[in-house]
Every structure is written in structure tokens, then in C-alpha cells.
$ cat entry09.pdb   # PDB, C-alpha atoms, pLDDT in the B column
ATOM      1  CA  ALA A   1       0.000   0.000   0.000  1.00 92.00           C
ATOM      2  CA  ILE A   2       1.063   3.555  -0.617  1.00 96.00           C
ATOM      3  CA  ALA A   3      -0.529   6.946   0.122  1.00 97.00           C
ATOM      4  CA  CYS A   4       0.306  10.584  -0.590  1.00 95.00           C
ATOM      5  CA  GLY A   5      -0.328  13.767   1.353  1.00 93.00           C
ATOM      6  CA  ARG A   6       0.370  17.316   0.231  1.00 92.00           C
ATOM      7  CA  HIS A   7       4.164  17.034   0.375  1.00 93.00           C
ATOM      8  CA  HIS A   8       4.770  13.651   2.002  1.00 94.00           C
ATOM      9  CA  SER A   9       4.183   9.995   1.221  1.00 95.00           C
ATOM     10  CA  VAL A  10       3.780   6.820   3.237  1.00 97.00           C
ATOM     11  CA  GLY A  11       4.437   3.280   2.123  1.00 96.00           C
ATOM     12  CA  LEU A  12       3.646  -0.043   3.706  1.00 96.00           C
ATOM     13  CA  ARG A  13       6.272  -2.756   3.480  1.00 97.00           C
ATOM     14  CA  ASP A  14       5.546  -6.482   3.204  1.00 96.00           C
ATOM     15  CA  ASP A  15       6.550  -6.952   6.854  1.00 97.00           C
ATOM     16  CA  GLY A  16       3.910  -4.439   8.032  1.00 97.00           C
ATOM     17  CA  THR A  17       6.325  -1.609   8.781  1.00 97.00           C
ATOM     18  CA  VAL A  18       5.772   1.950   7.579  1.00 96.00           C
ATOM     19  CA  VAL A  19       8.239   3.986   5.516  1.00 95.00           C
ATOM     20  CA  THR A  20       7.811   7.753   5.004  1.00 95.00           C
ATOM     21  CA  TRP A  21       9.436  10.361   2.775  1.00 95.00           C
ATOM     22  CA  GLY A  22       8.966  13.974   1.729  1.00 93.00           C
ATOM     23  CA  HIS A  23       8.400  17.053   3.900  1.00 89.00           C
ATOM     24  CA  ASN A  24       8.620  16.853   7.662  1.00 88.00           C
ATOM     25  CA  SER A  25       7.264  20.285   8.657  1.00 86.00           C
ATOM     26  CA  ASP A  26       4.529  18.770  10.862  1.00 84.00           C
ATOM     27  CA  GLY A  27       6.169  15.506  11.896  1.00 80.00           C
ATOM     28  CA  GLN A  28       5.058  13.618   8.797  1.00 87.00           C
ATOM     29  CA  ARG A  29       8.285  11.573   8.955  1.00 88.00           C
ATOM     30  CA  ASP A  30       9.676  11.970  12.478  1.00 85.00           C
ATOM     31  CA  ASP A  31       6.413  10.999  14.206  1.00 85.00           C
ATOM     32  CA  ALA A  32       5.832   7.884  12.085  1.00 89.00           C
ATOM     33  CA  PRO A  33       5.526   4.598  14.002  1.00 90.00           C
ATOM     34  CA  THR A  34       8.479   2.224  13.951  1.00 91.00           C
ATOM     35  CA  SER A  35       6.613  -0.950  14.894  1.00 93.00           C
ATOM     36  CA  ALA A  36       5.364  -3.637  12.503  1.00 94.00           C
ATOM     37  CA  GLY A  37       1.859  -4.989  12.083  1.00 97.00           C
ATOM     38  CA  PHE A  38       0.297  -2.342   9.833  1.00 98.00           C
ATOM     39  CA  VAL A  39      -2.161  -3.410   7.135  1.00 98.00           C
ATOM     40  CA  ALA A  40      -3.231  -0.030   5.673  1.00 98.00           C
ATOM     41  CA  VAL A  41      -2.058   3.587   5.454  1.00 98.00           C
ATOM     42  CA  ALA A  42      -3.733   6.847   4.423  1.00 97.00           C
ATOM     43  CA  CYS A  43      -2.554  10.469   4.150  1.00 96.00           C
ATOM     44  CA  GLY A  44      -4.155  13.860   4.557  1.00 93.00           C
ATOM     45  CA  GLN A  45      -2.577  17.236   3.881  1.00 92.00           C
ATOM     46  CA  PHE A  46      -0.015  17.095   6.700  1.00 92.00           C
ATOM     47  CA  HIS A  47      -1.024  13.974   8.629  1.00 93.00           C
ATOM     48  CA  SER A  48      -1.052  10.217   8.175  1.00 94.00           C
ATOM     49  CA  VAL A  49      -3.057   7.345   9.592  1.00 95.00           C
ATOM     50  CA  GLY A  50      -2.102   3.702   9.889  1.00 96.00           C
ATOM     51  CA  LEU A  51      -4.314   0.707  10.602  1.00 97.00           C
ATOM     52  CA  ARG A  52      -2.716  -2.160  12.508  1.00 97.00           C
ATOM     53  CA  ASN A  53      -3.617  -5.823  12.139  1.00 97.00           C
ATOM     54  CA  ASP A  54      -5.221  -5.726  15.613  1.00 97.00           C
ATOM     55  CA  GLY A  55      -7.730  -3.065  14.462  1.00 98.00           C
ATOM     56  CA  ILE A  56      -6.041  -0.162  16.238  1.00 96.00           C
ATOM     57  CA  VAL A  57      -5.563   3.155  14.421  1.00 96.00           C
ATOM     58  CA  LEU A  58      -2.455   5.320  14.865  1.00 94.00           C
ATOM     59  CA  THR A  59      -2.023   8.883  13.617  1.00 92.00           C
ATOM     60  CA  TRP A  60       1.103  10.977  13.116  1.00 92.00           C
ATOM     61  CA  GLY A  61       2.145  14.319  11.654  1.00 89.00           C
ATOM     62  CA  GLY A  62      -0.459  17.062  11.332  1.00 83.00           C
ATOM     63  CA  ARG A  63       0.532  19.003  14.402  1.00 70.00           C
ATOM     64  CA  HIS A  64      -1.855  21.832  13.475  1.00 68.00           C
ATOM     65  CA  ARG A  65      -5.542  22.163  12.546  1.00 64.00           C
ATOM     66  CA  PHE A  66      -6.599  19.364  14.905  1.00 65.00           C
ATOM     67  CA  GLN A  67      -5.672  16.616  12.448  1.00 67.00           C
ATOM     68  CA  ARG A  68      -4.772  14.282  15.293  1.00 71.00           C
ATOM     69  CA  CYS A  69      -7.351  15.467  17.855  1.00 68.00           C
ATOM     70  CA  ASP A  70      -9.860  12.920  19.041  1.00 75.00           C
ATOM     71  CA  ALA A  71      -8.173  10.064  17.199  1.00 84.00           C
ATOM     72  CA  PRO A  72      -9.746   6.807  18.387  1.00 89.00           C
ATOM     73  CA  ALA A  73      -7.884   4.849  21.033  1.00 87.00           C
ATOM     74  CA  SER A  74      -9.862   1.622  20.725  1.00 91.00           C
ATOM     75  CA  ALA A  75      -9.579  -1.428  18.481  1.00 94.00           C
ATOM     76  CA  GLY A  76     -12.151  -2.746  16.028  1.00 97.00           C
ATOM     77  CA  PHE A  77     -11.293  -0.767  12.893  1.00 98.00           C
ATOM     78  CA  VAL A  78     -11.242  -2.404   9.452  1.00 98.00           C
ATOM     79  CA  ALA A  79     -10.603   0.564   7.118  1.00 98.00           C
ATOM     80  CA  ILE A  80      -9.239   4.133   7.205  1.00 98.00           C
ATOM     81  CA  ALA A  81      -9.382   7.196   4.969  1.00 97.00           C
ATOM     82  CA  CYS A  82      -8.034  10.750   5.148  1.00 96.00           C
ATOM     83  CA  GLY A  83      -9.214  14.056   3.765  1.00 94.00           C
ATOM     84  CA  TRP A  84      -7.310  17.336   3.765  1.00 92.00           C
ATOM     85  CA  GLY A  85      -7.466  17.752   7.546  1.00 90.00           C
ATOM     86  CA  HIS A  86      -9.826  15.043   8.772  1.00 92.00           C
ATOM     87  CA  SER A  87      -9.843  11.264   8.996  1.00 94.00           C
ATOM     88  CA  VAL A  88     -12.464   8.525   9.018  1.00 96.00           C
ATOM     89  CA  GLY A  89     -12.302   5.000  10.372  1.00 96.00           C
ATOM     90  CA  LEU A  90     -14.713   2.183   9.570  1.00 97.00           C
ATOM     91  CA  ARG A  91     -15.376  -0.112  12.524  1.00 97.00           C
ATOM     92  CA  ASP A  92     -16.062  -3.827  12.332  1.00 97.00           C
ATOM     93  CA  ASP A  93     -19.672  -3.188  13.423  1.00 97.00           C
ATOM     94  CA  GLY A  94     -20.310  -1.101  10.276  1.00 97.00           C
ATOM     95  CA  THR A  95     -20.188   2.311  11.971  1.00 96.00           C
ATOM     96  CA  VAL A  96     -17.753   5.164  11.334  1.00 95.00           C
ATOM     97  CA  VAL A  97     -15.650   7.333  13.613  1.00 93.00           C
ATOM     98  CA  THR A  98     -14.329  10.710  12.465  1.00 92.00           C
ATOM     99  CA  TRP A  99     -11.590  12.942  13.865  1.00 91.00           C
ATOM    100  CA  GLY A 100      -9.583  15.999  12.950  1.00 87.00           C
ATOM    101  CA  ALA A 101     -10.723  19.238  11.320  1.00 84.00           C
ATOM    102  CA  ASP A 102     -14.429  20.049  11.181  1.00 83.00           C
ATOM    103  CA  ASP A 103     -14.477  23.573   9.762  1.00 82.00           C
ATOM    104  CA  ASP A 104     -16.450  22.412   6.701  1.00 81.00           C
ATOM    105  CA  TRP A 105     -18.695  19.922   8.548  1.00 79.00           C
ATOM    106  CA  GLN A 106     -16.450  16.998   7.622  1.00 80.00           C
ATOM    107  CA  ARG A 107     -17.266  15.363  10.952  1.00 82.00           C
ATOM    108  CA  ARG A 108     -20.722  16.698  11.827  1.00 79.00           C
ATOM    109  CA  ASP A 109     -22.263  15.251   8.657  1.00 79.00           C
ATOM    110  CA  ALA A 110     -20.913  11.724   9.229  1.00 85.00           C
ATOM    111  CA  PRO A 111     -23.526   8.941   9.149  1.00 85.00           C
ATOM    112  CA  THR A 112     -24.515   7.692  12.580  1.00 85.00           C
ATOM    113  CA  SER A 113     -26.107   4.375  11.626  1.00 88.00           C
ATOM    114  CA  ALA A 114     -24.508   0.963  11.135  1.00 93.00           C
ATOM    115  CA  GLY A 115     -24.464  -1.062   7.922  1.00 96.00           C
ATOM    116  CA  LEU A 116     -21.535   0.714   6.280  1.00 97.00           C
ATOM    117  CA  VAL A 117     -19.045  -1.379   4.311  1.00 98.00           C
ATOM    118  CA  ALA A 118     -16.615   1.120   2.715  1.00 97.00           C
ATOM    119  CA  ILE A 119     -15.378   4.697   3.232  1.00 97.00           C
ATOM    120  CA  ALA A 120     -13.525   7.340   1.232  1.00 97.00           C
ATOM    121  CA  CYS A 121     -12.541  10.967   1.742  1.00 95.00           C
ATOM    122  CA  GLY A 122     -12.218  13.974  -0.496  1.00 94.00           C
ATOM    123  CA  SER A 123     -10.430  17.102   0.636  1.00 93.00           C
ATOM    124  CA  PHE A 124     -13.327  18.437   2.718  1.00 92.00           C
ATOM    125  CA  HIS A 125     -15.915  15.661   2.658  1.00 92.00           C
ATOM    126  CA  SER A 126     -16.331  11.940   3.179  1.00 94.00           C
ATOM    127  CA  VAL A 127     -18.571   9.265   1.711  1.00 94.00           C
ATOM    128  CA  ALA A 128     -19.612   5.836   2.886  1.00 96.00           C
ATOM    129  CA  LEU A 129     -21.120   2.858   1.118  1.00 97.00           C
ATOM    130  CA  ARG A 130     -23.963   1.018   2.835  1.00 97.00           C
ATOM    131  CA  ASN A 131     -24.392  -2.729   2.646  1.00 96.00           C
ATOM    132  CA  ASP A 132     -27.493  -2.163   0.451  1.00 97.00           C
ATOM    133  CA  GLY A 133     -25.403  -0.330  -2.176  1.00 96.00           C
ATOM    134  CA  THR A 134     -26.503   3.208  -1.346  1.00 95.00           C
ATOM    135  CA  VAL A 135     -23.956   5.961  -0.813  1.00 94.00           C
ATOM    136  CA  VAL A 136     -24.148   8.412   2.090  1.00 92.00           C
TER
END

$ encode --input "entry09.pdb" --output "C-alpha cells"
Amino acid sequence: AIACGRHHSVGLRDDGTVVTWGHNSDGQRDDAPTSAGFVAVACGQFHSVGLRNDGIVLTWGGRHRFQRCDAPASAGFVAIACGWGHSVGLRDDGTVVTWGADDDWQRRDAPTSAGLVAIACGSFHSVALRNDGTVV
């Protein structure tokens, strides 16, 4: 897996470790985790998110604009996505958790019901796919 932010990139090696390159103005490289066990990565403007094989989400970089604020500390995540300054995690129960910037309602408009099977983010919005094929 590989992901790109505004001026940084994150790659996922076969052994589950994360490699980063590019700018480091907000800790995009220095704050990156050094442990193994990652299964997915995503990047926002200045922040990155990694999903571990135990369902725990870690965030790094993005020391401004609340990109790491309220990041979930629990397990049970199966997918992650990042927008410009916000992030979304899909839980194994089909619900989503959002964190980071909310100046354009990126978080307040998140669906609150279960039954979601996929997520994606644009710069200032997110979408989710329900198990019945509808998009919210």
C-alpha cells in the first residue's frame, strides 16, 4: 500500500512496517511509528493514519488544525481514509468514527447508523457505502 499527502508519502512494506518520505514540517516523517503490524495507510494534507492488524488506528504528523485530535484509542477498525485535515475510520460493526478538522462539517455530517461497508474521503468531505449499495 502507498498513500500521498500534500508534500509527504507513506508506504507499507511487506513486513507491516511503515516507511515515510517527503516534507517533515509537521512531523510527517519523524512521528511515524516504527513498529510492525500495519495493514493499511492513508494520508491527509499534513497527517497520516495507519491501521494495525489488531484493528487499532495510529495517527502521526499534522501538528496543526486538529488533524490528530480525538483520534480513536480503541480497536475494532477495518478501514481508514483521510481528507485534507480530517480522517475517518470504519469499525467492524459497520459504523464510522471521524476525527480531525471540522471547519467544513467533515465530521458533523458523518452517518450515525450501522451497515456501512466502505469509506472514502475527499479534501473536505467523506462518503460511505452502505451494505445495500446506497452511498451516504

$ closest_residue --input "entry09.pdb" --among "A:Val127, A:His23, A:Gly83, A:Gly94" --to "A:Ala42" --atoms "only C-alpha atoms"
A:Gly83

$ resolve_selection --input "entry09.pdb" --expression "the PyMOL selection byres ((chain A and resi 9) around 8)" --output "PDB file with C-alpha atoms, in the frame of the given file"
ATOM      1  CA  ILE A   2       1.063   3.555  -0.617  1.00 96.00           C
ATOM      2  CA  ALA A   3      -0.529   6.946   0.122  1.00 97.00           C
ATOM      3  CA  CYS A   4       0.306  10.584  -0.590  1.00 95.00           C
ATOM      4  CA  GLY A   5      -0.328  13.767   1.353  1.00 93.00           C
ATOM      5  CA  HIS A   7       4.164  17.034   0.375  1.00 93.00           C
ATOM      6  CA  HIS A   8       4.770  13.651   2.002  1.00 94.00           C
ATOM      7  CA  VAL A  10       3.780   6.820   3.237  1.00 97.00           C
ATOM      8  CA  GLY A  11       4.437   3.280   2.123  1.00 96.00           C
ATOM      9  CA  THR A  20       7.811   7.753   5.004  1.00 95.00           C
ATOM     10  CA  TRP A  21       9.436  10.361   2.775  1.00 95.00           C
ATOM     11  CA  GLY A  22       8.966  13.974   1.729  1.00 93.00           C
ATOM     12  CA  CYS A  43      -2.554  10.469   4.150  1.00 96.00           C
TER      13      CYS A  43
END

$ resolve_selection --input "entry09.pdb" --expression "the PyMOL selection byres ((chain A and resi 14) around 12)" --output "short mmCIF file (atom, residue, chain, number, x, y, z; two decimals) with C-alpha atoms, keeping the file's coordinate frame"
data_model
loop_
_atom_site.label_atom_id
_atom_site.label_comp_id
_atom_site.auth_asym_id
_atom_site.auth_seq_id
_atom_site.Cartn_x
_atom_site.Cartn_y
_atom_site.Cartn_z
CA ALA A 1 0.00 0.00 0.00
CA ILE A 2 1.06 3.56 -0.62
CA GLY A 11 4.44 3.28 2.12
CA LEU A 12 3.65 -0.04 3.71
CA ARG A 13 6.27 -2.76 3.48
CA ASP A 15 6.55 -6.95 6.85
CA GLY A 16 3.91 -4.44 8.03
CA THR A 17 6.32 -1.61 8.78
CA VAL A 18 5.77 1.95 7.58
CA VAL A 19 8.24 3.99 5.52
CA ALA A 36 5.36 -3.64 12.50
CA GLY A 37 1.86 -4.99 12.08
CA PHE A 38 0.30 -2.34 9.83
CA VAL A 39 -2.16 -3.41 7.14
CA ALA A 40 -3.23 -0.03 5.67
#

$ atom_distance --input "entry09.pdb" --atom1 "atom CA of A:Pro72" --atom2 "atom CA of A:His125"
19.1 Å

$ residues_near_point --input "entry09.pdb" --point "(-14.5, 22.2, 11.3)" --cutoff "10 Å" --atoms "all atoms listed in the file" --output "list in words"
Arg65, Phe66, Gly85, His86, Gly100, Ala101, Asp102, Asp103, Asp104, Trp105, Gln106, Arg107, Arg108 and Phe124 of chain A

$ residues_around --input "entry09.pdb" --residues "A:Leu58" --least-positions-apart "2" --cutoff "9 Å" --atoms "all atoms listed in the file" --output "VMD selection string"
chain A and resid 33 48 to 52 56 60 71 to 73

$ atom_distance --input "entry09.pdb" --atom1 "atom CA of A:Thr34" --atom2 "atom CA of A:Asn53"
14.6 Å

$ atom_distance --input "entry09.pdb" --atom1 "atom CA of A:Thr134" --atom2 "atom CA of A:Cys82"
21.0 Å

$ closest_residue --input "entry09.pdb" --among "A:Ser74, A:Thr98, A:Ser123, A:Thr59" --to "A:Arg6" --atoms "only C-alpha atoms"
A:Ser123

$ axis_aligned_box --input "entry09.pdb" --around "stretch 24-34 of chain A" --padding-each-side "4 Å" --output "AutoDock Vina command-line options"
--center_x 7.1 --center_y 11.3 --center_z 10.9 --size_x 13.1 --size_y 26.1 --size_z 14.5

$ resolve_selection --input "entry09.pdb" --expression "the PyMOL selection byres ((chain A and resi 111) around 10)" --output "list in words"
Thr95, Val96, Val97, Thr98, Arg107, Arg108, Asp109, Ala110, Thr112, Ser113, Ala114, Leu116, Ser126, Val127, Ala128 and Val136 of chain A

$ write_last_selection --input "entry09.pdb" --atoms "C-alpha atoms" --output "short mmCIF file (atom, residue, chain, number, x, y, z; two decimals), in the coordinates of the input"
data_model
loop_
_atom_site.label_atom_id
_atom_site.label_comp_id
_atom_site.auth_asym_id
_atom_site.auth_seq_id
_atom_site.Cartn_x
_atom_site.Cartn_y
_atom_site.Cartn_z
CA THR A 95 -20.19 2.31 11.97
CA VAL A 96 -17.75 5.16 11.33
CA VAL A 97 -15.65 7.33 13.61
CA THR A 98 -14.33 10.71 12.46
CA ARG A 107 -17.27 15.36 10.95
CA ARG A 108 -20.72 16.70 11.83
CA ASP A 109 -22.26 15.25 8.66
CA ALA A 110 -20.91 11.72 9.23
CA THR A 112 -24.52 7.69 12.58
CA SER A 113 -26.11 4.38 11.63
CA ALA A 114 -24.51 0.96 11.14
CA LEU A 116 -21.54 0.71 6.28
CA SER A 126 -16.33 11.94 3.18
CA VAL A 127 -18.57 9.26 1.71
CA ALA A 128 -19.61 5.84 2.89
CA VAL A 136 -24.15 8.41 2.09
#

$ residues_near_point --input "entry09.pdb" --point "(-24.7, -0.7, 3.9)" --cutoff "6 Å" --atoms "all atoms listed in the file" --output "PyMOL selection string"
chain A and resi 115-117+129-132

$ build_atoms --input "entry09.pdb" --residues "stretch 121-132 of chain A" --atoms "all heavy atoms" --output "compact mmCIF listing (two decimals), keeping the file's coordinate frame"
# COMPACT_ATOMS: atom_id res chain seq x y z
N CYS A 121 -12.55 9.54 1.42
CA CYS A 121 -12.54 10.97 1.74
C CYS A 121 -12.08 11.78 0.55
O CYS A 121 -11.16 11.39 -0.16
CB CYS A 121 -11.58 11.26 2.89
SG CYS A 121 -12.10 10.63 4.49
N GLY A 122 -12.72 12.93 0.37
CA GLY A 122 -12.22 13.97 -0.50
C GLY A 122 -11.52 14.99 0.39
O GLY A 122 -11.36 14.78 1.59
N SER A 123 -11.13 16.10 -0.17
CA SER A 123 -10.43 17.10 0.64
C SER A 123 -11.24 17.54 1.85
O SER A 123 -10.71 17.59 2.96
CB SER A 123 -10.10 18.32 -0.22
OG SER A 123 -9.15 18.00 -1.20
N PHE A 124 -12.52 17.89 1.64
CA PHE A 124 -13.33 18.44 2.72
C PHE A 124 -14.64 17.69 2.91
O PHE A 124 -15.60 18.24 3.44
CB PHE A 124 -13.61 19.92 2.45
CG PHE A 124 -12.35 20.74 2.34
CD1 PHE A 124 -11.85 21.10 1.10
CD2 PHE A 124 -11.65 21.10 3.48
CE1 PHE A 124 -10.69 21.84 1.00
CE2 PHE A 124 -10.48 21.84 3.38
CZ PHE A 124 -9.99 22.21 2.14
N HIS A 125 -14.71 16.45 2.48
CA HIS A 125 -15.92 15.66 2.66
C HIS A 125 -15.56 14.18 2.71
O HIS A 125 -14.44 13.80 2.38
CB HIS A 125 -16.90 15.92 1.52
CG HIS A 125 -16.43 15.38 0.20
ND1 HIS A 125 -15.42 15.94 -0.52
CD2 HIS A 125 -16.85 14.30 -0.52
CE1 HIS A 125 -15.22 15.26 -1.63
NE2 HIS A 125 -16.08 14.25 -1.66
N SER A 126 -16.51 13.39 3.13
CA SER A 126 -16.33 11.94 3.18
C SER A 126 -17.59 11.27 2.63
O SER A 126 -18.67 11.85 2.66
CB SER A 126 -16.11 11.47 4.62
OG SER A 126 -14.99 12.10 5.19
N VAL A 127 -17.44 10.06 2.16
CA VAL A 127 -18.57 9.26 1.71
C VAL A 127 -18.45 7.86 2.30
O VAL A 127 -17.35 7.41 2.65
CB VAL A 127 -18.67 9.18 0.17
CG1 VAL A 127 -18.96 10.55 -0.43
CG2 VAL A 127 -17.41 8.60 -0.43
N ALA A 128 -19.59 7.21 2.40
CA ALA A 128 -19.61 5.84 2.89
C ALA A 128 -20.59 5.04 2.03
O ALA A 128 -21.59 5.57 1.54
CB ALA A 128 -20.02 5.79 4.35
N LEU A 129 -20.27 3.78 1.87
CA LEU A 129 -21.12 2.86 1.12
C LEU A 129 -21.84 1.96 2.10
O LEU A 129 -21.20 1.33 2.96
CB LEU A 129 -20.27 2.02 0.15
CG LEU A 129 -21.00 0.97 -0.68
CD1 LEU A 129 -21.93 1.64 -1.68
CD2 LEU A 129 -19.99 0.08 -1.39
N ARG A 130 -23.16 1.90 1.99
CA ARG A 130 -23.96 1.02 2.84
C ARG A 130 -23.99 -0.40 2.25
O ARG A 130 -23.77 -0.58 1.06
CB ARG A 130 -25.40 1.53 2.95
CG ARG A 130 -25.54 2.81 3.71
CD ARG A 130 -27.04 3.08 3.95
NE ARG A 130 -27.26 4.40 4.46
CZ ARG A 130 -27.13 4.72 5.76
NH1 ARG A 130 -26.75 3.82 6.62
NH2 ARG A 130 -27.36 5.95 6.16
N ASN A 131 -24.33 -1.34 3.09
CA ASN A 131 -24.39 -2.73 2.65
C ASN A 131 -25.52 -2.97 1.63
O ASN A 131 -25.54 -4.01 0.98
CB ASN A 131 -24.50 -3.69 3.83
CG ASN A 131 -25.66 -3.39 4.75
OD1 ASN A 131 -26.53 -2.57 4.44
ND2 ASN A 131 -25.66 -4.02 5.91
N ASP A 132 -26.45 -2.02 1.47
CA ASP A 132 -27.49 -2.16 0.45
C ASP A 132 -27.12 -1.47 -0.86
O ASP A 132 -27.93 -1.39 -1.78
CB ASP A 132 -28.83 -1.62 0.96
CG ASP A 132 -28.83 -0.13 1.21
OD1 ASP A 132 -27.81 0.55 0.95
OD2 ASP A 132 -29.87 0.38 1.68
